[in-house]
>>> print(open('data-v4.cif').read())   # mmCIF, C-alpha atoms and all ligand atoms
data_my_file
loop_
_atom_site.label_atom_id
_atom_site.label_comp_id
_atom_site.auth_asym_id
_atom_site.auth_seq_id
_atom_site.Cartn_x
_atom_site.Cartn_y
_atom_site.Cartn_z
CA MET A 205 141.21 -22.54 -171.64
CA LEU A 206 139.37 -21.32 -174.72
CA ALA A 207 140.31 -17.91 -176.05
CA ASP A 208 137.42 -15.51 -175.57
CA PRO A 209 137.73 -12.21 -177.40
CA HIS A 210 134.53 -10.94 -175.75
CA ARG A 211 136.33 -11.00 -172.41
CA THR A 212 138.00 -7.77 -173.37
CA ALA A 213 134.78 -6.04 -174.36
CA GLN A 214 133.98 -2.76 -172.62
CA TRP A 215 130.47 -3.83 -171.81
CA PRO A 216 129.40 -5.12 -169.40
CA PRO A 217 132.18 -3.88 -167.09
CA ARG A 218 134.06 -6.50 -165.11
CA LEU A 219 134.81 -6.07 -161.42
CA ARG A 220 137.19 -8.32 -159.49
CA THR A 221 136.32 -9.83 -156.13
CA ALA A 222 139.51 -9.97 -154.05
CA ALA A 223 140.40 -13.39 -152.66
CA ASP A 224 140.08 -12.27 -149.03
CA THR A 225 136.64 -10.76 -149.76
CA ALA A 226 135.44 -14.03 -151.30
CA ALA A 227 136.95 -16.04 -148.45
CA GLY A 228 135.34 -13.76 -145.86
CA LEU A 229 131.92 -14.18 -147.47
CA GLU A 230 132.28 -17.94 -147.55
CA HIS A 231 133.60 -18.16 -144.00
CA ARG A 232 130.73 -16.26 -142.42
CA PHE A 233 127.78 -16.87 -144.78
CA GLY A 234 128.63 -19.95 -146.87
CA ALA A 235 126.77 -22.32 -144.56
CA LEU A 236 123.55 -20.28 -144.50
CA THR A 237 120.71 -21.48 -146.72
CA GLY A 238 118.26 -19.54 -148.84
CA GLU A 239 115.60 -20.33 -146.24
CA ASP A 240 117.78 -18.80 -143.50
CA LEU A 241 117.93 -15.56 -145.47
CA THR A 242 114.42 -15.46 -146.91
CA PRO A 243 113.08 -12.70 -144.61
CA PRO A 244 114.14 -9.26 -145.86
CA ALA A 245 115.09 -8.38 -142.28
CA ALA A 246 117.54 -11.31 -142.22
CA GLN A 247 119.06 -10.05 -145.46
CA ARG A 248 119.47 -6.57 -144.01
CA GLU A 249 121.16 -8.03 -140.93
CA ALA A 250 123.46 -10.18 -143.08
CA LEU A 251 124.36 -7.16 -145.19
CA ALA A 252 125.14 -5.04 -142.13
CA GLU A 253 127.26 -7.80 -140.62
CA ALA A 254 129.05 -8.49 -143.90
CA LEU A 255 130.00 -4.85 -144.23
CA THR A 256 131.74 -4.90 -140.87
CA THR A 257 133.34 -8.36 -141.08
CA VAL A 258 134.21 -9.05 -144.73
CA PRO A 259 137.30 -7.17 -145.93
CA GLY A 260 136.77 -5.02 -149.00
CA LEU A 261 133.10 -5.87 -149.34
CA GLY A 262 131.72 -2.36 -148.91
CA ALA A 263 133.85 -0.89 -151.69
CA LEU A 264 133.09 -3.83 -153.97
CA GLN A 265 129.34 -3.51 -153.41
CA ARG A 266 129.46 0.23 -154.09
CA GLU A 267 131.29 -0.47 -157.36
CA LEU A 268 128.75 -3.13 -158.30
CA VAL A 269 125.72 -0.95 -157.58
CA ALA A 270 127.25 1.94 -159.55
CA ALA A 271 128.16 -0.30 -162.50
CA VAL A 272 124.65 -1.75 -162.79
CA ARG A 273 123.13 1.73 -162.42
CA ASP A 274 125.44 3.30 -165.00
CA HIS A 275 125.75 0.42 -167.49
CA GLY A 276 122.72 -1.78 -166.88
CA ALA A 277 124.88 -4.82 -166.20
CA ALA A 278 128.19 -5.90 -164.69
CA VAL A 279 130.21 -9.07 -164.21
CA LEU A 280 131.80 -9.66 -160.84
CA THR A 281 134.60 -12.22 -160.98
CA GLY A 282 135.78 -14.61 -158.26
CA VAL A 283 132.42 -14.84 -156.51
CA PRO A 284 131.59 -17.73 -154.16
CA TRP A 285 128.32 -19.42 -155.08
CA HIS A 286 126.85 -20.91 -151.92
CA ASP A 287 123.39 -19.56 -151.08
CA GLY A 288 124.34 -17.49 -148.03
CA SER A 289 127.42 -15.94 -149.65
CA LEU A 290 125.51 -14.96 -152.78
CA ILE A 291 122.59 -13.48 -150.87
CA ALA A 292 124.80 -11.51 -148.46
CA LEU A 293 126.78 -10.16 -151.41
CA SER A 294 123.67 -9.34 -153.44
CA ALA A 295 121.69 -7.69 -150.66
CA CYS A 296 123.28 -4.36 -151.65
CA LEU A 297 121.24 -4.55 -154.88
CA GLY A 298 117.82 -5.07 -153.30
CA VAL A 299 115.77 -7.81 -151.70
CA VAL A 300 116.41 -11.34 -152.95
CA THR A 301 113.10 -13.15 -153.51
CA ALA A 302 112.17 -16.73 -154.27
CA GLU A 303 109.07 -15.53 -156.11
CA ASP A 304 109.06 -16.78 -159.72
CA ASN A 305 112.59 -18.11 -159.41
CA GLY A 306 112.30 -21.64 -160.82
CA SER A 307 109.78 -24.31 -160.01
CA PRO A 308 109.50 -25.00 -157.17
CA CYS A 309 110.72 -21.48 -156.53
CA ARG A 310 113.98 -20.99 -154.66
CA MET A 311 115.99 -18.07 -153.33
CA VAL A 312 118.85 -19.40 -155.46
CA TRP A 313 117.78 -21.47 -158.46
CA ASP A 314 120.14 -23.94 -160.11
CA ILE A 315 120.18 -23.70 -163.89
CA ARG A 316 121.51 -26.90 -165.37
CA GLU A 317 120.33 -29.34 -167.95
CA ASP A 318 117.34 -31.40 -166.94
CA PRO A 319 115.59 -32.90 -169.97
CA GLN A 320 112.76 -34.05 -167.72
CA ALA A 321 112.09 -30.59 -166.33
CA PRO A 322 108.39 -29.83 -166.82
CA GLU A 323 108.75 -26.11 -166.08
CA ASP A 324 110.93 -23.37 -167.49
CA PRO A 325 112.17 -25.77 -170.18
CA HIS A 326 114.40 -23.27 -171.96
CA ALA A 327 116.60 -22.65 -168.94
CA GLN A 328 117.11 -26.32 -168.24
CA GLN A 329 117.55 -27.67 -171.72
CA ARG A 330 120.19 -27.30 -174.40
CA ASP A 331 118.42 -25.20 -177.02
CA ARG A 332 119.27 -21.61 -177.66
CA PHE A 333 117.25 -19.39 -175.31
CA ASP A 334 116.33 -16.28 -177.24
CA LEU A 335 116.84 -12.82 -175.78
CA HIS A 336 114.24 -11.96 -173.17
CA THR A 337 113.69 -10.34 -169.82
CA ASP A 338 112.90 -12.43 -166.76
CA SER A 339 109.58 -12.69 -164.92
CA THR A 340 108.00 -11.16 -168.00
CA PHE A 341 104.51 -12.23 -167.12
CA SER A 342 104.71 -11.51 -163.40
CA ALA A 343 102.45 -8.73 -162.22
CA ARG A 344 105.65 -6.80 -161.65
CA PRO A 345 108.85 -8.21 -163.18
CA HIS A 346 111.92 -8.37 -160.98
CA ASP A 347 114.17 -5.33 -161.02
CA THR A 348 117.48 -7.17 -160.96
CA VAL A 349 118.64 -10.65 -161.95
CA GLY A 350 121.96 -12.24 -161.04
CA MET A 351 123.48 -15.39 -162.49
CA VAL A 352 126.71 -16.90 -161.19
CA CYS A 353 128.59 -19.57 -163.09
CA VAL A 354 129.49 -22.65 -161.07
CA GLU A 355 130.67 -24.65 -164.08
CA PRO A 356 130.89 -23.46 -167.70
CA ALA A 357 130.26 -25.87 -170.55
CA ALA A 358 133.60 -27.52 -171.29
CA ASP A 359 133.19 -26.99 -175.04
CA GLY A 360 132.57 -23.23 -174.73
CA SER A 361 128.92 -23.48 -175.73
CA GLY A 362 126.04 -21.98 -173.79
CA ARG A 363 127.38 -18.45 -174.20
CA THR A 364 125.46 -15.68 -172.52
CA LEU A 365 123.82 -13.21 -174.93
CA LEU A 366 123.03 -9.62 -173.97
CA LEU A 367 121.44 -6.54 -175.52
CA THR A 368 120.40 -3.28 -173.91
CA ALA A 369 116.97 -1.81 -174.52
CA ASP A 370 118.78 1.34 -175.70
CA ARG A 371 120.51 -0.59 -178.49
CA LEU A 372 117.25 -2.29 -179.41
CA VAL A 373 115.54 1.08 -179.76
CA GLN A 374 118.45 2.44 -181.82
CA ALA A 375 118.36 -0.61 -184.08
CA LEU A 376 114.60 -0.37 -184.64
CA ARG A 377 115.04 3.26 -185.69
CA ALA A 378 118.07 2.50 -187.85
CA THR A 379 116.17 -0.23 -189.71
CA GLY A 380 113.16 1.94 -190.47
CA HIS A 381 110.86 0.46 -187.83
CA GLU A 382 109.71 3.76 -186.29
CA GLY A 383 106.05 2.77 -186.60
CA GLU A 384 106.67 -0.57 -184.92
CA LEU A 385 108.67 1.17 -182.20
CA ALA A 386 105.76 3.48 -181.48
CA ARG A 387 103.46 0.46 -181.35
CA LEU A 388 105.78 -1.32 -178.88
CA CYS A 389 105.56 1.72 -176.60
CA ARG A 390 101.80 1.54 -176.33
CA PRO A 391 100.78 0.06 -172.97
CA ASP A 392 98.25 -2.44 -174.27
CA PHE A 393 100.31 -5.62 -174.69
CA PRO A 394 98.77 -8.44 -172.65
CA PHE A 395 101.12 -9.67 -169.94
CA GLY A 396 99.97 -11.85 -167.14
CA PRO A 397 97.91 -14.95 -166.62
CA GLY A 398 95.38 -14.30 -169.35
CA HIS A 399 95.09 -18.04 -169.90
CA VAL A 400 93.58 -18.47 -166.44
CA ALA A 401 89.84 -18.32 -166.76
CA GLY A 402 88.43 -15.11 -165.41
CA THR A 403 91.82 -13.48 -164.92
CA PRO A 404 92.31 -10.44 -167.13
CA PRO A 405 95.84 -9.90 -168.42
CA HIS A 406 97.95 -7.10 -167.12
CA ARG A 407 98.51 -4.63 -169.94
CA ALA A 408 101.82 -2.87 -170.40
CA ALA A 409 104.23 -1.61 -173.04
CA VAL A 410 107.02 -3.76 -174.42
CA LEU A 411 109.31 -0.74 -174.60
CA ARG A 412 109.34 2.49 -172.64
CA ILE A 413 111.52 5.42 -173.58
CA PRO A 414 111.62 7.80 -170.63
CA ASP A 415 114.19 10.56 -170.23
CA GLY A 416 116.73 8.03 -168.95
CA PRO A 417 117.64 4.61 -170.32
CA ALA A 418 115.03 2.72 -172.37
CA ARG A 419 113.09 0.01 -170.53
CA VAL A 420 111.97 -3.32 -171.91
CA ARG A 421 109.69 -6.21 -170.99
CA TYR A 422 109.93 -8.99 -173.54
CA ARG A 423 109.73 -12.69 -174.13
CA PHE A 424 108.70 -13.42 -177.68
CA ASP A 425 107.17 -16.88 -177.36
CA LEU A 426 104.84 -16.03 -174.48
CA LEU A 427 104.05 -12.56 -175.76
CA HIS A 428 103.31 -13.70 -179.30
CA ARG A 429 100.90 -16.30 -177.98
CA ALA A 430 99.21 -13.85 -175.62
CA VAL A 431 98.78 -11.24 -178.35
CA GLY A 432 97.38 -13.92 -180.64
CA HIS A 433 94.70 -14.54 -178.05
CA SER A 434 94.07 -10.85 -177.54
CA SER A 435 90.80 -10.85 -179.42
CA ALA A 436 89.44 -12.59 -176.34
CA HIS A 437 90.59 -9.56 -174.34
CA ASN A 438 88.85 -6.90 -176.42
CA LEU A 439 91.81 -5.95 -178.57
CA ALA A 440 90.59 -5.14 -182.07
CA ALA A 441 91.85 -7.25 -184.95
CA ALA A 442 93.80 -4.32 -186.39
CA GLU A 443 95.47 -3.79 -183.01
CA VAL A 444 96.40 -7.46 -182.84
CA ARG A 445 97.91 -7.27 -186.34
CA SER A 446 99.96 -4.18 -185.54
CA ALA A 447 101.14 -5.69 -182.27
CA LEU A 448 102.24 -8.90 -184.02
CA ALA A 449 104.01 -6.86 -186.69
CA ALA A 450 105.82 -4.89 -184.00
CA LEU A 451 106.96 -8.10 -182.28
CA ALA A 452 108.16 -9.42 -185.63
CA ALA A 453 110.24 -6.26 -186.07
CA VAL A 454 111.90 -6.90 -182.72
CA GLU A 455 112.72 -10.46 -183.77
CA THR A 456 114.21 -9.16 -187.02
CA VAL A 457 116.50 -6.84 -185.08
CA LEU A 458 117.43 -9.51 -182.52
CA ALA A 459 118.46 -11.86 -185.32
CA ASP A 460 121.40 -9.58 -186.18
CA PRO A 461 124.38 -11.07 -184.33
CA ARG A 462 126.35 -7.84 -184.73
CA LEU A 463 124.11 -6.21 -182.14
CA ILE A 464 124.43 -8.90 -179.54
CA THR A 465 127.10 -9.07 -176.86
CA SER A 466 128.17 -12.67 -176.39
CA LEU A 467 130.27 -13.79 -173.47
CA LEU A 468 131.29 -17.05 -171.89
CA LEU A 469 130.87 -16.87 -168.14
CA GLY A 470 133.75 -18.55 -166.35
CA ARG A 471 133.66 -20.26 -162.98
CA GLY A 472 132.84 -17.68 -160.31
CA ASP A 473 131.70 -15.01 -162.79
CA TYR A 474 128.55 -13.32 -161.46
CA LEU A 475 126.52 -11.49 -164.10
CA VAL A 476 124.17 -8.89 -162.63
CA LEU A 477 121.53 -7.33 -164.89
CA ASP A 478 119.00 -4.57 -164.61
CA ASN A 479 116.06 -6.68 -165.78
CA SER A 480 114.21 -3.65 -167.13
CA ARG A 481 117.13 -2.40 -169.25
CA VAL A 482 118.94 -5.48 -170.54
CA LEU A 483 117.69 -8.48 -172.49
CA HIS A 484 119.54 -11.73 -171.89
CA GLY A 485 119.63 -15.14 -173.49
CA ARG A 486 121.91 -18.09 -174.17
CA SER A 487 123.33 -19.79 -177.20
CA ALA A 488 122.68 -23.51 -177.55
CA VAL A 489 124.52 -25.88 -175.28
CA THR A 490 125.97 -28.30 -177.79
CA ALA A 491 127.11 -31.07 -175.51
CA SER A 492 126.13 -32.51 -172.17
CA THR A 493 128.98 -30.84 -170.39
CA GLY A 494 127.67 -30.11 -166.93
CA ARG A 495 127.06 -26.40 -167.48
CA HIS A 496 125.72 -25.04 -164.20
CA LEU A 497 124.63 -21.53 -163.31
CA ARG A 498 122.81 -20.28 -160.20
CA ARG A 499 120.20 -17.51 -160.46
CA LEU A 500 118.91 -14.90 -158.02
CA LYS A 501 116.04 -12.49 -158.56
CA LEU A 502 115.76 -9.22 -156.68
CA ARG A 503 113.35 -6.41 -156.12
CA ASP A 504 114.41 -2.87 -155.39
CA ARG A 505 114.47 -2.38 -151.65
CA THR A 506 112.10 0.59 -151.78
CA ALA A 507 109.54 -1.34 -153.82
CA ALA A 508 109.76 -4.76 -152.15
CA ASN A 509 106.88 -5.70 -149.90
CA PRO A 510 108.43 -7.10 -146.73
CA THR A 511 105.19 -8.80 -145.82
CA SER A 512 105.01 -10.80 -149.04
CA ARG A 513 107.55 -13.44 -148.00
CA SER A 514 106.26 -16.95 -147.66
FE FE B 1 116.17 -15.53 -168.24
#
>>> encode(input="data-v4.cif", output="structure tokens", more="lines below")
Ligand SMILES: [Fe+2]
Amino acid sequence: MLADPHRTAQWPPRLRTAADTAAGLEHRFGALTGEDLTPPAAQREALAEALTTVPGLGALQRELVAAVRDHGAAVLTGVPWHDGSLIALSACLGVVTAEDNGSPCRMVWDIREDPQAPEDPHAQQRDRFDLHTDSTFSARPHDTVGMVCVEPAADGSGRTLLLTADRLVQALRATGHEGELARLCRPDFPFGPGHVAGTPPHRAAVLRIPDGPARVRYRFDLLHRAVGHSSAHNLAAAEVRSALAALAAVETVLADPRLITSLLLGRGDYLVLDNSRVLHGRSAVTASTGRHLRRLKLRDRTAANPTSRS
């Protein structure tokens, strides 16, 4: 096994799934499919049953929820990765949705190399995937994202990259980008399907700095292109220039490897992120080594629309 100094890092915290908890999840839920557990009511029932039948699950889920709330992210080790087990485990975090999770969308989306993949090419190819948040251009991005490792790349490539919005804000200030930071907080960046004729983009800020942790919504390639087309959406040329300059400042900060947490997910490691507080990405996969992750996307239970399931 490759030595991994980042394994000992304090962030994100690591929580261990006991063997009997993992076995209990697999025994009861491992055969269930994403389709079985698509209705939010089915997820609530699975969660209630899991809490009474799977040893140690309640305490583990409380730890996981608290870790994501307090730190923005956590890694749960020893997690089983079949659809039903993952969904029953994750239901404590919100409602798992297939919406915008791969193409065609799935409750649990397999991330592995597919050079022929026409959609979401970054996730399924070998190139570095720059730091971003997920579902950036959805009308409302997902609240939580989980990725479990089924098989790491044998050569240690494809490392997961992480950065909190708080650190991004600190770094922008520390590098003299106060003006760009203020620009990023203005809620006029065009997110959404502006390329669809007749569909106005949703406008929002890239960064928000409320009383609590900073919030972020960011994917450079899509955002840069959308801003570049903003003149078609009544954004003045000066506003377009300042928005592009602000995005460039973010890219400058993100290029500093000292800021970025890099970790190699091992088999059964389940990374859970607050998608509004933590940017994630991936270093290049340098060999065709069968790297395989599985991804879930969740909405907060209070905000999820139970009638929106297809
Ligand atoms: Fe992503």
>>> atom_distance(input="data-v4.cif", atom1="CA of Asp331 (chain A)", atom2="CA of Ile315 (chain A)")
13.3 Å
>>> atom_distance(input="data-v4.cif", atom1="CA of Pro217 (chain A)", atom2="CA of Asn479 (chain A)")
16.4 Å
>>> residues_near_ligand(input="data-v4.cif", ligand="ligand FE 1 (chain B)", cutoff="7 Å", atoms="all atoms listed in the file", output="list in words")
His336, Thr337, Asp338, His484 and Gly485 of chain A
>>> write_last_selection(input="data-v4.cif", atoms="C-alpha atoms", output="mmCIF file, in the frame of the given file")
data_model
loop_
_atom_site.group_PDB
_atom_site.id
_atom_site.type_symbol
_atom_site.label_atom_id
_atom_site.label_comp_id
_atom_site.auth_asym_id
_atom_site.auth_seq_id
_atom_site.Cartn_x
_atom_site.Cartn_y
_atom_site.Cartn_z
ATOM 1 C CA HIS A 336 114.240 -11.960 -173.170
ATOM 2 C CA THR A 337 113.690 -10.340 -169.820
ATOM 3 C CA ASP A 338 112.900 -12.430 -166.760
ATOM 4 C CA HIS A 484 119.540 -11.730 -171.890
ATOM 5 C CA GLY A 485 119.630 -15.140 -173.490
#
>>> closest_atom_pairs(input="data-v4.cif", of="region 250-343 of chain A", to="region 416-440 of chain A", cutoff="10 Å", atoms="all atoms listed in the file", output="Markdown table")
| residue | atom | partner | partner_atom | distance |
| --- | --- | --- | --- | --- |
| A:Asp274 | CA | A:Pro417 | CA | 9.5 |
| A:His275 | CA | A:Pro417 | CA | 9.6 |
| A:Gly276 | CA | A:Pro417 | CA | 8.9 |
| A:Asp334 | CA | A:Arg423 | CA | 8.1 |
| A:Leu335 | CA | A:Arg423 | CA | 7.3 |
| A:His336 | CA | A:Arg423 | CA | 4.7 |
| A:Thr337 | CA | A:Tyr422 | CA | 5.5 |
| A:Asp338 | CA | A:Arg423 | CA | 8.0 |
| A:Ser339 | CA | A:Arg421 | CA | 8.9 |
| A:Thr340 | CA | A:Arg421 | CA | 6.0 |
| A:Phe341 | CA | A:Leu426 | CA | 8.3 |
>>> write_last_selection(input="data-v4.cif", atoms="C-alpha atoms", output="compact mmCIF listing (two decimals), in the coordinates of the input")
# COMPACT_ATOMS: atom_id res chain seq x y z
CA ASP A 274 125.44 3.30 -165.00
CA HIS A 275 125.75 0.42 -167.49
CA GLY A 276 122.72 -1.78 -166.88
CA ASP A 334 116.33 -16.28 -177.24
CA LEU A 335 116.84 -12.82 -175.78
CA HIS A 336 114.24 -11.96 -173.17
CA THR A 337 113.69 -10.34 -169.82
CA ASP A 338 112.90 -12.43 -166.76
CA SER A 339 109.58 -12.69 -164.92
CA THR A 340 108.00 -11.16 -168.00
CA PHE A 341 104.51 -12.23 -167.12
>>> closest_residue(input="data-v4.cif", among="A:Gly282, A:Gly262, A:Pro243, A:Gly380", to="Val454 (chain A)", atoms="all atoms listed in the file")
A:Gly380
>>> residues_near_point(input="data-v4.cif", point="(120.9, -1.9, -178.1)", cutoff="10 Å", atoms="all atoms listed in the file", output="ChimeraX atom specification")
/A:366-376,418,457-458,463-465,481-483
>>> closest_residue(input="data-v4.cif", among="A:Ala441, A:Leu219, A:Cys309, A:Ile291", to="Ala235 (chain A)", atoms="only C-alpha atoms")
A:Ile291
>>> closest_residue(input="data-v4.cif", among="A:Cys296, A:Cys389, A:Val349, A:Ala459", to="Pro414 (chain A)", atoms="all atoms listed in the file")
A:Cys389
>>> residues_around(input="data-v4.cif", residues="region 499-508 of chain A", least_positions_apart="2", cutoff="7 Å", atoms="all atoms listed in the file", output="ChimeraX atom specification")
/A:298-301,305,311-314,346-352,497,510
>>> closest_residue(input="data-v4.cif", among="A:Thr379, A:Gln265, A:Thr221, A:Ser480", to="Leu280 (chain A)", atoms="all atoms listed in the file")
A:Thr221
>>> closest_residue(input="data-v4.cif", among="A:Leu229, A:Pro244, A:Glu317, A:Asp304", to="Glu355 (chain A)", atoms="all atoms listed in the file")
A:Glu317
>>> atom_distance(input="data-v4.cif", atom1="CA of Leu451 (chain A)", atom2="CA of Leu477 (chain A)")
22.7 Å
>>> closest_residue(input="data-v4.cif", among="A:Gly234, A:Pro284, A:Pro391, A:Pro356", to="His496 (chain A)", atoms="all atoms listed in the file")
A:Pro356
